[in-house]
Amino acid sequence: MRFFVFLFFVILFSEGFINLPEPLPEEFYGNTLIDRVSTSNNVKAVVFPHWIHRIKFTCRVCHFEMEFSMEKNTTEISCAKNKEGEFCGTCHNGKTSFAITEENCARCHTGDIYLFKDKYLAFKNSIKLKEKEKINWDLLMEKKIIQPKTYLNINPSKDMEFDKTLELEAEFHIIPPAIFSHKTHRKWLDCNNCHPDIFNIKRKGTHFLMSEILNKKYCGYCHTTVAFPMNECKRCHPKIKKNYF
Amino acid sequence: MNKKLFFVLVPLFFLLLSFQAGVKKKKVSPEDYGKSIINNFSQKAGMMPVLFNHWSHRAKFTCRLCHVDIGFAMKNNETGIKAQDNMEGKYCGACHNGKYEFNGKRVFEACSKDKNSPNCINCHISTNAVKNSENFKKFASEMPKDAFGNEIDWEKAEEQGIIKLIDKIEGFTLHERPKFKAPQNFDLNAKVEGLPEIIFSHKKHTNWMGCEGCHPEIFIGVKKGLTTYSMADIFQGKYCGACHNSVAFPLVNCQKCHIKEDIK
């Protein structure tokens, strides 16, 4: 019998029910190490800081218009393609931002995700945040302190307008519901970033558990790596009394 | 016994959970959008599967010509094309017969009894991806741009006369297109409140598809409201999704359909 109880807990752990990943410290949060072919070609891996880029562009620009996949190392980025003006080269061409030349190699190929701390603190300073306050990107955008671009090549005649707020009931009754705002997400993302792959569009059609979110599915697809991390309980479940983690 | 069963079922339940969706699929690159790999009989006959590029064909012909007159199914591998068919002038052989001329150039002959014919590898390929990509880039650079799919605005290209579509071929097209005016644009209400309505233009569709391309198989009714469908159906490749998921501009382009005001 004891063995079975043990087994039960092993299953719980392996399925991530009690698995709250410790997010990176805020100054490194969202830094991504891209190493598809770099180290096999004797170059250091590329470090991509999401935070620097999201000051200027919404998620939509890179992950929708420019076809960067949201899964690390699955986009076929190569030096040649970048130089032709695809992927990173769309902006890193010497006009919009620094070009991909030999002297600039080391600016991205650093191999270390614990970088840009000074830059981060300087940015925080410039937007007058205290040391212990975390950046609320959404608020910054609302107050127009940052104005990231929504469209790069194509300007549709009109934005897609859909601002419905959803109340998502929690699996356990003691947990207050999560409030999902299409309006907030639409500012950063395109419909297709989430629909229909991550969330299908049937009404109440997608059921998911917190354990799955913690395993980087559904909301966790962005909210464990780039968007605000999962330990800020209150931001989704506003009626929770405090952040427990 | 019951307890044992319980401990077998619980892990099974969690295993099932872990197979659910919730992650994102990878996007198809522009040159691969609309690419079909046809492999009904090829590999069994010791040939490479056939790679069919929609882009190079839709630059010259309407969809209707192949999918209605010549009779290609719209689902991959459903037509069951045989080499013999092509040699008899059916399917691919309708144009690829060694006699048909396009722009003063003779179109190569598809399929022959001779397995070593240099023409085989024009279609039965898997290795010339590089050449295909080069051809595509050259072609796409001369076309009006769009964001998704092939990243070519096919509709505009046709409208501006950059591409001229052939709509008939001898032996297959038996009569002229019926000369009646395309029905007017109409709105389709989105099922979710607050979502912009869809404006459907018959005129834009009939250019490529005629009537028979969609009616009565994909959309039964010619009367509005007779066929009901949801976006979920469309994402599964039904209704609009029969073309707009694989060849025509993809479903990611929300605003291209969900617009209420600005259509002429």
# chains A, B, ... in the order shown; residues from 1 in each chain; ligands from 1
$ residues_around --residues "A:Tyr120" --least-positions-apart "2" --cutoff "9 Å" --atoms "only C-alpha atoms" --output "ChimeraX atom specification"
/A:27-28,51-52,116-118,122-125
$ select_by_dssp --residues "stretch 14-158 of chain B" --states "alpha helix (DSSP H)" --output "PyMOL selection string"
chain B and resi 14-17+54-58+63-64+83-87+120-123+129-141+154-158
$ interface_residues --of "chain B" --to "chain A" --cutoff "7 Å" --atoms "only C-alpha atoms" --output "list of chain:residue names"
B:Pro11, B:Ala21, B:Gly22, B:Val23, B:Lys24, B:Lys25, B:Lys26, B:Lys27, B:Ala147, B:Gly194, B:Leu195, B:Pro196, B:Ala232, B:Val252, B:Gln255
$ write_last_selection --atoms "C-alpha atoms" --output "CSV table (one decimal), in the first residue's frame"
chain,number,residue,atom,x,y,z
B,11,PRO,CA,-1.7,7.2,-14.1
B,21,ALA,CA,-3.1,20.8,-27.0
B,22,GLY,CA,-2.0,24.1,-25.7
B,23,VAL,CA,1.2,24.8,-27.6
B,24,LYS,CA,1.8,26.5,-30.9
B,25,LYS,CA,2.4,24.9,-34.3
B,26,LYS,CA,5.2,25.9,-36.5
B,27,LYS,CA,4.4,28.2,-39.5
B,147,ALA,CA,2.0,39.2,-45.2
B,194,GLY,CA,-18.2,42.1,-30.5
B,195,LEU,CA,-16.2,40.4,-33.4
B,196,PRO,CA,-16.3,42.4,-36.7
B,232,ALA,CA,-14.0,25.8,-35.4
B,252,VAL,CA,-4.2,33.8,-39.7
B,255,GLN,CA,-8.7,41.2,-40.7
$ atom_distance --atom1 "atom CA of B:Gly241" --atom2 "atom CA of A:Leu189"
22.6 Å
$ select_by_dssp --residues "stretch 8-144 of chain A" --states "strand (DSSP E or B)" --output "list in words"
Asn31, Thr32, Leu33, Ile34, Val46, Val47, Phe48, Pro49, Phe57 and His109 of chain A
$ atom_distance --atom1 "atom CA of B:Lys131" --atom2 "atom CA of B:Gly34"
16.9 Å
